[in-house]
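Printed here is input-v1.pdb (PDB, C-alpha atoms, pLDDT in the B column):
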ATOM      1  CA  MET J   1      26.662 -33.074   1.771  1.00 49.00           C
ATOM      2  CA  ASN J   2      30.360 -32.491   2.399  1.00 49.00           C
ATOM      3  CA  ASP J   3      30.505 -30.213  -0.634  1.00 71.00           C
ATOM      4  CA  THR J   4      27.563 -28.218   0.722  1.00 71.00           C
ATOM      5  CA  TRP J   5      29.234 -27.638   4.087  1.00 67.00           C
ATOM      6  CA  THR J   6      32.449 -26.729   2.321  1.00 72.00           C
ATOM      7  CA  LEU J   7      30.669 -24.106   0.201  1.00 75.00           C
ATOM      8  CA  ILE J   8      28.893 -22.441   3.118  1.00 74.00           C
ATOM      9  CA  GLY J   9      31.783 -22.882   5.538  1.00 73.00           C
ATOM     10  CA  PHE J  10      34.314 -20.301   6.643  1.00 77.00           C
ATOM     11  CA  GLY J  11      37.794 -20.070   5.241  1.00 69.00           C
ATOM     12  CA  PRO J  12      39.369 -19.865   1.778  1.00 73.00           C
ATOM     13  CA  THR J  13      37.180 -22.586   0.258  1.00 73.00           C
ATOM     14  CA  GLY J  14      33.813 -21.408   1.613  1.00 74.00           C
ATOM     15  CA  TRP J  15      31.513 -18.404   1.324  1.00 77.00           C
ATOM     16  CA  GLY J  16      30.639 -18.185   5.012  1.00 81.00           C
ATOM     17  CA  ASP J  17      32.892 -15.188   5.653  1.00 87.00           C
ATOM     18  CA  ASP J  18      31.352 -13.186   2.806  1.00 88.00           C
ATOM     19  CA  ILE J  19      27.786 -14.012   3.779  1.00 91.00           C
ATOM     20  CA  ALA J  20      28.509 -13.201   7.441  1.00 91.00           C
ATOM     21  CA  TRP J  21      29.787  -9.816   6.290  1.00 92.00           C
ATOM     22  CA  GLY J  22      26.539  -9.399   4.351  1.00 92.00           C
ATOM     23  CA  VAL J  23      24.545 -10.079   7.533  1.00 93.00           C
ATOM     24  CA  LEU J  24      26.569  -7.434   9.370  1.00 94.00           C
ATOM     25  CA  VAL J  25      25.987  -4.891   6.572  1.00 94.00           C
ATOM     26  CA  THR J  26      22.238  -5.630   6.459  1.00 94.00           C
ATOM     27  CA  ALA J  27      21.850  -5.340  10.237  1.00 94.00           C
ATOM     28  CA  SER J  28      24.010  -2.194  10.396  1.00 95.00           C
ATOM     29  CA  LEU J  29      22.075  -0.512   7.595  1.00 95.00           C
ATOM     30  CA  SER J  30      18.735  -1.299   9.249  1.00 95.00           C
ATOM     31  CA  VAL J  31      19.836  -0.072  12.680  1.00 95.00           C
ATOM     32  CA  ALA J  32      21.426   3.089  11.219  1.00 95.00           C
ATOM     33  CA  THR J  33      18.292   3.867   9.199  1.00 96.00           C
ATOM     34  CA  LEU J  34      15.817   3.395  12.055  1.00 95.00           C
ATOM     35  CA  PRO J  35      16.642   6.585  14.055  1.00 95.00           C
ATOM     36  CA  ILE J  36      16.447   8.707  10.891  1.00 95.00           C
ATOM     37  CA  GLY J  37      13.045   7.287  10.015  1.00 95.00           C
ATOM     38  CA  LEU J  38      11.659   7.624  13.536  1.00 96.00           C
ATOM     39  CA  VAL J  39      12.861  11.190  14.145  1.00 96.00           C
ATOM     40  CA  VAL J  40      11.842  12.533  10.741  1.00 96.00           C
ATOM     41  CA  GLY J  41       8.525  10.657  10.872  1.00 96.00           C
ATOM     42  CA  PHE J  42       7.787  12.077  14.319  1.00 96.00           C
ATOM     43  CA  LEU J  43       8.574  15.624  13.145  1.00 95.00           C
ATOM     44  CA  MET J  44       6.413  15.157  10.034  1.00 95.00           C
ATOM     45  CA  ALA J  45       3.501  14.012  12.215  1.00 95.00           C
ATOM     46  CA  ILE J  46       3.864  17.131  14.373  1.00 93.00           C
ATOM     47  CA  ALA J  47       4.068  19.314  11.247  1.00 94.00           C
ATOM     48  CA  LYS J  48       0.850  17.769   9.898  1.00 93.00           C
ATOM     49  CA  GLN J  49      -0.952  18.942  13.037  1.00 90.00           C
ATOM     50  CA  SER J  50       0.495  22.439  12.853  1.00 87.00           C
ATOM     51  CA  ASP J  51      -1.715  25.501  12.407  1.00 88.00           C
ATOM     52  CA  ASP J  52       0.895  26.839   9.971  1.00 91.00           C
ATOM     53  CA  ARG J  53      -0.588  26.004   6.557  1.00 92.00           C
ATOM     54  CA  LEU J  54       2.764  26.069   4.786  1.00 94.00           C
ATOM     55  CA  LEU J  55       4.327  23.658   7.297  1.00 93.00           C
ATOM     56  CA  ASN J  56       1.292  21.408   7.136  1.00 93.00           C
ATOM     57  CA  LEU J  57       1.309  21.409   3.324  1.00 95.00           C
ATOM     58  CA  SER J  58       5.054  20.729   3.135  1.00 94.00           C
ATOM     59  CA  ALA J  59       4.747  17.714   5.435  1.00 94.00           C
ATOM     60  CA  ASN J  60       1.851  16.306   3.426  1.00 94.00           C
ATOM     61  CA  ILE J  61       3.724  16.770   0.132  1.00 95.00           C
ATOM     62  CA  TYR J  62       6.793  15.021   1.601  1.00 95.00           C
ATOM     63  CA  THR J  63       4.836  11.992   2.796  1.00 95.00           C
ATOM     64  CA  THR J  64       2.754  11.778  -0.392  1.00 95.00           C
ATOM     65  CA  ILE J  65       5.869  11.711  -2.580  1.00 94.00           C
ATOM     66  CA  PHE J  66       7.859   9.145  -0.629  1.00 94.00           C
ATOM     67  CA  ARG J  67       4.876   6.909   0.100  1.00 94.00           C
ATOM     68  CA  GLY J  68       4.007   6.959  -3.583  1.00 93.00           C
ATOM     69  CA  LEU J  69       7.436   6.337  -5.114  1.00 92.00           C
ATOM     70  CA  PRO J  70       8.761   2.759  -5.286  1.00 93.00           C
ATOM     71  CA  GLU J  71      11.588   2.244  -2.800  1.00 93.00           C
ATOM     72  CA  LEU J  72      13.978   1.265  -5.595  1.00 93.00           C
ATOM     73  CA  LEU J  73      13.286   4.493  -7.463  1.00 94.00           C
ATOM     74  CA  THR J  74      13.892   6.506  -4.281  1.00 95.00           C
ATOM     75  CA  LEU J  75      17.193   4.676  -3.872  1.00 94.00           C
ATOM     76  CA  PHE J  76      18.229   5.562  -7.431  1.00 94.00           C
ATOM     77  CA  LEU J  77      17.122   9.146  -6.874  1.00 94.00           C
ATOM     78  CA  VAL J  78      19.439   9.477  -3.883  1.00 93.00           C
ATOM     79  CA  TYR J  79      22.368   7.441  -5.200  1.00 93.00           C
ATOM     80  CA  PHE J  80      22.491   8.919  -8.698  1.00 93.00           C
ATOM     81  CA  GLY J  81      20.571  12.192  -8.371  1.00 92.00           C
ATOM     82  CA  VAL J  82      22.002  13.497  -5.108  1.00 91.00           C
ATOM     83  CA  ASN J  83      25.515  12.361  -5.998  1.00 88.00           C
ATOM     84  CA  SER J  84      25.270  14.128  -9.357  1.00 90.00           C
ATOM     85  CA  ALA J  85      24.021  17.319  -7.671  1.00 90.00           C
ATOM     86  CA  LEU J  86      26.824  17.182  -5.080  1.00 88.00           C
ATOM     87  CA  LYS J  87      29.427  16.671  -7.793  1.00 85.00           C
ATOM     88  CA  SER J  88      28.135  19.628  -9.822  1.00 86.00           C
ATOM     89  CA  ALA J  89      27.932  21.869  -6.742  1.00 86.00           C
ATOM     90  CA  THR J  90      31.461  21.076  -5.556  1.00 85.00           C
ATOM     91  CA  GLN J  91      32.917  21.519  -9.029  1.00 82.00           C
ATOM     92  CA  ALA J  92      31.168  24.876  -9.385  1.00 82.00           C
ATOM     93  CA  VAL J  93      32.918  26.243  -6.298  1.00 83.00           C
ATOM     94  CA  GLY J  94      36.247  24.561  -7.036  1.00 78.00           C
ATOM     95  CA  LEU J  95      36.147  22.000  -4.211  1.00 79.00           C
ATOM     96  CA  PRO J  96      37.039  18.298  -4.422  1.00 81.00           C
ATOM     97  CA  ALA J  97      34.110  16.162  -5.507  1.00 78.00           C
ATOM     98  CA  ILE J  98      31.910  14.926  -2.653  1.00 82.00           C
ATOM     99  CA  THR J  99      29.986  11.706  -3.140  1.00 85.00           C
ATOM    100  CA  LEU J 100      27.727   9.596  -0.975  1.00 88.00           C
ATOM    101  CA  SER J 101      28.763   5.993  -0.441  1.00 90.00           C
ATOM    102  CA  SER J 102      26.387   3.137  -1.205  1.00 92.00           C
ATOM    103  CA  PHE J 103      25.795   2.669   2.529  1.00 93.00           C
ATOM    104  CA  VAL J 104      24.950   6.330   3.174  1.00 93.00           C
ATOM    105  CA  SER J 105      22.777   6.502   0.046  1.00 93.00           C
ATOM    106  CA  GLY J 106      20.862   3.425   1.162  1.00 94.00           C
ATOM    107  CA  MET J 107      20.495   4.811   4.679  1.00 95.00           C
ATOM    108  CA  ILE J 108      19.086   8.122   3.407  1.00 95.00           C
ATOM    109  CA  ALA J 109      16.764   6.557   0.828  1.00 95.00           C
ATOM    110  CA  LEU J 110      15.340   3.932   3.169  1.00 96.00           C
ATOM    111  CA  GLY J 111      15.175   6.513   5.959  1.00 96.00           C
ATOM    112  CA  VAL J 112      12.965   8.926   4.026  1.00 96.00           C
ATOM    113  CA  VAL J 113      10.660   6.114   2.913  1.00 96.00           C
ATOM    114  CA  PHE J 114      10.418   4.789   6.475  1.00 97.00           C
ATOM    115  CA  SER J 115       9.754   8.295   7.810  1.00 96.00           C
ATOM    116  CA  ALA J 116       6.951   8.918   5.312  1.00 96.00           C
ATOM    117  CA  PHE J 117       5.059   5.840   6.496  1.00 96.00           C
ATOM    118  CA  ALA J 118       6.028   6.343  10.155  1.00 96.00           C
ATOM    119  CA  SER J 119       4.541   9.845  10.071  1.00 96.00           C
ATOM    120  CA  GLU J 120       1.106   8.349   9.401  1.00 95.00           C
ATOM    121  CA  VAL J 121       1.541   5.869  12.258  1.00 96.00           C
ATOM    122  CA  PHE J 122       2.548   8.665  14.631  1.00 96.00           C
ATOM    123  CA  LEU J 123      -0.279  10.884  13.392  1.00 94.00           C
ATOM    124  CA  SER J 124      -2.858   8.187  14.131  1.00 94.00           C
ATOM    125  CA  ALA J 125      -1.327   7.665  17.576  1.00 93.00           C
ATOM    126  CA  PHE J 126      -1.460  11.406  18.307  1.00 92.00           C
ATOM    127  CA  ARG J 127      -5.141  11.475  17.384  1.00 90.00           C
ATOM    128  CA  ALA J 128      -5.856   8.510  19.662  1.00 91.00           C
ATOM    129  CA  ILE J 129      -4.684  10.462  22.728  1.00 88.00           C
ATOM    130  CA  PRO J 130      -7.520  12.597  24.192  1.00 86.00           C
ATOM    131  CA  HIS J 131      -6.884  16.326  23.895  1.00 81.00           C
ATOM    132  CA  GLY J 132      -7.994  16.722  27.505  1.00 83.00           C
ATOM    133  CA  GLN J 133      -4.724  15.221  28.665  1.00 81.00           C
ATOM    134  CA  ARG J 134      -2.812  18.113  27.118  1.00 80.00           C
ATOM    135  CA  GLU J 135      -5.196  20.540  28.759  1.00 79.00           C
ATOM    136  CA  GLY J 136      -4.748  18.767  32.086  1.00 83.00           C
ATOM    137  CA  GLY J 137      -0.970  19.089  31.805  1.00 83.00           C
ATOM    138  CA  ALA J 138      -1.295  22.782  30.988  1.00 82.00           C
ATOM    139  CA  ALA J 139      -3.596  23.261  33.988  1.00 82.00           C
ATOM    140  CA  LEU J 140      -0.846  21.826  36.191  1.00 80.00           C
ATOM    141  CA  GLY J 141       1.508  24.476  34.868  1.00 80.00           C
ATOM    142  CA  LEU J 142       3.615  22.171  32.686  1.00 81.00           C
ATOM    143  CA  ARG J 143       5.339  23.610  29.631  1.00 84.00           C
ATOM    144  CA  ASN J 144       4.521  22.135  26.215  1.00 82.00           C
ATOM    145  CA  SER J 145       7.851  20.296  26.130  1.00 81.00           C
ATOM    146  CA  ARG J 146       7.148  18.688  29.518  1.00 85.00           C
ATOM    147  CA  ILE J 147       3.608  17.762  28.482  1.00 85.00           C
ATOM    148  CA  MET J 148       5.031  16.044  25.394  1.00 85.00           C
ATOM    149  CA  LEU J 149       7.777  14.244  27.317  1.00 84.00           C
ATOM    150  CA  LEU J 150       5.833  13.166  30.418  1.00 83.00           C
ATOM    151  CA  ILE J 151       2.253  12.720  29.195  1.00 84.00           C
ATOM    152  CA  ILE J 152       2.033  12.341  25.433  1.00 88.00           C
ATOM    153  CA  LEU J 153       5.206  10.467  24.461  1.00 89.00           C
ATOM    154  CA  PRO J 154       4.774   7.416  26.768  1.00 87.00           C
ATOM    155  CA  GLN J 155       1.272   6.845  25.417  1.00 88.00           C
ATOM    156  CA  LEU J 156       2.385   7.571  21.863  1.00 90.00           C
ATOM    157  CA  ILE J 157       5.025   4.829  21.963  1.00 90.00           C
ATOM    158  CA  LYS J 158       2.526   2.301  23.283  1.00 90.00           C
ATOM    159  CA  ILE J 159      -0.099   3.113  20.631  1.00 92.00           C
ATOM    160  CA  ALA J 160       2.301   3.439  17.699  1.00 94.00           C
ATOM    161  CA  LEU J 161       4.434   0.377  18.477  1.00 93.00           C
ATOM    162  CA  PRO J 162       2.466  -2.226  16.421  1.00 93.00           C
ATOM    163  CA  GLY J 163       2.543  -0.026  13.312  1.00 95.00           C
ATOM    164  CA  LEU J 164       6.212   0.850  13.774  1.00 95.00           C
ATOM    165  CA  ALA J 165       7.034  -2.834  14.280  1.00 95.00           C
ATOM    166  CA  ASN J 166       5.540  -3.628  10.881  1.00 95.00           C
ATOM    167  CA  LEU J 167       7.557  -0.811   9.309  1.00 96.00           C
ATOM    168  CA  TRP J 168      10.727  -2.203  10.903  1.00 96.00           C
ATOM    169  CA  MET J 169      10.044  -5.612   9.349  1.00 94.00           C
ATOM    170  CA  ASN J 170       9.559  -3.959   5.972  1.00 94.00           C
ATOM    171  CA  LEU J 171      12.802  -2.043   6.476  1.00 95.00           C
ATOM    172  CA  LEU J 172      14.716  -5.280   7.073  1.00 93.00           C
ATOM    173  CA  LYS J 173      13.423  -6.652   3.773  1.00 91.00           C
ATOM    174  CA  ASP J 174      13.943  -3.399   1.876  1.00 92.00           C
ATOM    175  CA  THR J 175      17.658  -3.440   2.704  1.00 92.00           C
ATOM    176  CA  ALA J 176      17.933  -6.094  -0.020  1.00 91.00           C
ATOM    177  CA  LEU J 177      17.411  -3.286  -2.550  1.00 91.00           C
ATOM    178  CA  VAL J 178      20.839  -1.793  -1.818  1.00 92.00           C
ATOM    179  CA  SER J 179      22.434  -4.767  -3.573  1.00 90.00           C
ATOM    180  CA  VAL J 180      21.659  -3.043  -6.889  1.00 90.00           C
ATOM    181  CA  ILE J 181      23.993  -0.130  -6.031  1.00 89.00           C
ATOM    182  CA  GLY J 182      26.876  -2.383  -5.036  1.00 86.00           C
ATOM    183  CA  LEU J 183      26.493  -2.648  -1.264  1.00 88.00           C
ATOM    184  CA  SER J 184      27.573  -6.073  -0.016  1.00 86.00           C
ATOM    185  CA  ASP J 185      24.446  -7.054   1.895  1.00 90.00           C
ATOM    186  CA  ILE J 186      23.064 -10.565   2.364  1.00 91.00           C
ATOM    187  CA  LEU J 187      21.377 -10.721  -1.031  1.00 90.00           C
ATOM    188  CA  ARG J 188      24.375  -9.446  -2.996  1.00 91.00           C
ATOM    189  CA  GLN J 189      26.812 -11.799  -1.274  1.00 91.00           C
ATOM    190  CA  ALA J 190      24.458 -14.732  -1.741  1.00 90.00           C
ATOM    191  CA  GLY J 191      24.017 -13.802  -5.422  1.00 91.00           C
ATOM    192  CA  ILE J 192      27.768 -13.659  -6.035  1.00 90.00           C
ATOM    193  CA  ALA J 193      28.250 -17.015  -4.298  1.00 89.00           C
ATOM    194  CA  ALA J 194      25.413 -18.539  -6.312  1.00 89.00           C
ATOM    195  CA  ARG J 195      26.880 -17.392  -9.644  1.00 90.00           C
ATOM    196  CA  VAL J 196      30.427 -18.477  -8.884  1.00 88.00           C
ATOM    197  CA  SER J 197      29.538 -21.846  -7.375  1.00 84.00           C
ATOM    198  CA  ARG J 198      26.526 -22.467  -9.659  1.00 86.00           C
ATOM    199  CA  GLU J 199      24.501 -23.393  -6.592  1.00 85.00           C
ATOM    200  CA  PRO J 200      21.687 -20.785  -6.594  1.00 87.00           C
ATOM    201  CA  PHE J 201      19.239 -22.894  -4.599  1.00 90.00           C
ATOM    202  CA  LEU J 202      21.774 -23.403  -1.813  1.00 89.00           C
ATOM    203  CA  PHE J 203      22.882 -19.812  -1.389  1.00 89.00           C
ATOM    204  CA  PHE J 204      19.520 -18.143  -1.894  1.00 92.00           C
ATOM    205  CA  GLY J 205      18.163 -20.687   0.583  1.00 92.00           C
ATOM    206  CA  VAL J 206      20.817 -19.541   3.064  1.00 91.00           C
ATOM    207  CA  ALA J 207      19.727 -15.932   2.418  1.00 93.00           C
ATOM    208  CA  ILE J 208      16.108 -16.885   3.164  1.00 93.00           C
ATOM    209  CA  VAL J 209      17.111 -18.486   6.458  1.00 94.00           C
ATOM    210  CA  LEU J 210      19.206 -15.467   7.470  1.00 94.00           C
ATOM    211  CA  TYR J 211      16.386 -12.989   6.765  1.00 95.00           C
ATOM    212  CA  LEU J 212      13.984 -15.173   8.754  1.00 95.00           C
ATOM    213  CA  VAL J 213      16.452 -15.318  11.668  1.00 95.00           C
ATOM    214  CA  LEU J 214      16.752 -11.517  11.657  1.00 94.00           C
ATOM    215  CA  THR J 215      12.957 -11.302  11.595  1.00 94.00           C
ATOM    216  CA  MET J 216      12.578 -13.675  14.545  1.00 95.00           C
ATOM    217  CA  ILE J 217      15.188 -11.794  16.578  1.00 95.00           C
ATOM    218  CA  SER J 218      13.339  -8.565  15.785  1.00 94.00           C
ATOM    219  CA  SER J 219      10.036 -10.113  16.876  1.00 94.00           C
ATOM    220  CA  LEU J 220      11.535 -11.100  20.224  1.00 94.00           C
ATOM    221  CA  ALA J 221      12.964  -7.613  20.735  1.00 93.00           C
ATOM    222  CA  ILE J 222       9.670  -5.960  19.802  1.00 92.00           C
ATOM    223  CA  GLY J 223       7.833  -8.292  22.182  1.00 92.00           C
ATOM    224  CA  ARG J 224      10.080  -7.178  25.046  1.00 92.00           C
ATOM    225  CA  ILE J 225       9.525  -3.515  24.186  1.00 90.00           C
ATOM    226  CA  ASP J 226       5.779  -4.119  24.077  1.00 88.00           C
ATOM    227  CA  ARG J 227       5.838  -5.723  27.518  1.00 88.00           C
ATOM    228  CA  TRP J 228       7.900  -2.794  28.804  1.00 85.00           C
ATOM    229  CA  THR J 229       5.322  -0.288  27.556  1.00 82.00           C
ATOM    230  CA  LYS J 230       2.558  -2.270  29.299  1.00 77.00           C
ATOM    231  CA  ARG J 231       4.430  -2.815  32.556  1.00 73.00           C
ATOM    232  CA  GLY J 232       2.069  -0.562  34.529  1.00 62.00           C
ATOM    233  CA  ALA J 233      -1.053  -2.344  33.268  1.00 61.00           C
ATOM    234  CA  MET J 234       0.534  -5.755  33.835  1.00 51.00           C
ATOM    235  CA  ALA J 235       1.420  -4.843  37.423  1.00 50.00           C
ATOM    236  CA  LYS J 236      -2.240  -4.188  38.128  1.00 50.00           C
TER     237      LYS J 236
END

Would you give me this structure, written as structure tokens?
Amino acid sequence: MNDTWTLIGFGPTGWGDDIAWGVLVTASLSVATLPIGLVVGFLMAIAKQSDDRLLNLSANIYTTIFRGLPELLTLFLVYFGVNSALKSATQAVGLPAITLSSFVSGMIALGVVFSAFASEVFLSAFRAIPHGQREGGAALGLRNSRIMLLIILPQLIKIALPGLANLWMNLLKDTALVSVIGLSDILRQAGIAARVSREPFLFFGVAIVLYLVLTMISSLAIGRIDRWTKRGAMAK
């Protein structure tokens, strides 16, 4: 038992510092990816409802591709493909080579996958809001931007929240994929510790606990957001 606490402890003889850093990287990557996924997903949902056929088609092609590709393949596409394209482009114009770090590559790859699925959640939420509410806002003289901000968006958040919450949970788990491109997340740090110490059950067990803790914290946060969106109904 003492050996176990020594291995997972902090300091020069334990792996606690490295695993704690992995938790920070995992949480940071998830939080940094979320705004990208939400904004792009929201814009894709609006584009899918557009009367412009080209815009509508482009949005559908985007979501079909990134919903269909495995997340790991999307990650490789960004990390190797985009970096190779950037290197070729900068060399062609005589500039220093520009490359994306593992963190940025993971953020972009997971962001586009999240956005592709989020667009469908937002699209379903848009369709659940009666069109008459937009017409009512227009009858009051509100501009389209004000109708979206004051009438549509509050209802959209409430309707889309359960689906987006599931996507957030998937995002937390998908961050484990970035370990294959060298980012020191929970899984990579636990894997290194397991190989060096020859205690795979211990360190992968620690990784399991940490992912479950992040999931429980997320569930509590989502529950508070859900109660906030229903505050008017609860007051009644």

Once the PyMOL selection byres ((chain J and resi 58-70) around 6) has been evaluated on this model, what residues remain selected, and can you format them as a ChimeraX atom specification?
/J:44,48,55-57,71-73,113,116

Given the file shown, determine the residues that the PyMOL selection byres ((chain J and resi 159) around 10) selects; report them as a PyMOL selection string.
chain J and resi 121-122+124-126+128-129+153-158+160-164+226+229

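As for atom CA of Val209 of chain J and atom CA of Phe103 of chain J, they are spaced 23.2 Å apart.
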
Evaluated on this file, the PyMOL selection byres ((chain J and resi 202) around 12) picks out some residues - which ones are they, written as number ranges by chain?
J: 1, 3-8, 15, 190-191, 193-195, 197-201, 203-209

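Closest approach to Leu110 of chain J among J:Ser145, J:Asn83, J:Ser30, J:Gln91 is made by J:Ser30 (distances from all atoms listed in the file).
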
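Note that atom CA of Lys173 of chain J and atom CA of Phe80 of chain J are 21.9 Å apart.
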
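The coordinates place atom CA of Phe76 of chain J at 22.8 Å from atom CA of Leu24 of chain J.
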
Residues near Ile147 of chain J, anyone? I mean within 12 Å using all atoms listed in the file, not counting same-chain ones fewer than 2 positions away, as a ChimeraX atom specification.
/J:131-145,149-155

For segment 38-52 of chain J, I'd like the enclosing box, axis-aligned and padded by 4 Å on every side, reported as lines of an AutoDock Vina configuration file with centre and edge lengths in Å to one decimal.
center_x = 5.6
center_y = 17.2
center_z = 12.1
size_x = 22.6
size_y = 27.2
size_z = 12.5

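The neighbours of Ser84 of chain J here are the residues that come within 12 Å of it, using only C-alpha atoms and leaving out any residue fewer than 5 positions away in the same chain; they are Phe76, Leu77, Val78, Tyr79, Ala89, Thr90, Gln91, Ala97, Ile98, Thr99 and Leu100 of chain J.
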
Which neighbours of Val213 of chain J fall inside 12 Å, counting only C-alpha atoms, when residues of the same chain fewer than 5 positions from it are skipped, and could you give them as a PyMOL selection string?
chain J and resi 23+27+169+172+206-208+218-220

Using all atoms listed in the file, give me every residue within 10 Å of (17.8, -3.6, 3.2) in file coordinates, as a list in words.
Val25, Thr26, Ala27, Ser28, Leu29, Ser30, Thr33, Gly106, Met107, Leu110, Asn170, Leu171, Leu172, Lys173, Asp174, Thr175, Ala176, Leu177, Val178, Ser179, Leu183, Asp185, Ile186 and Leu187 of chain J
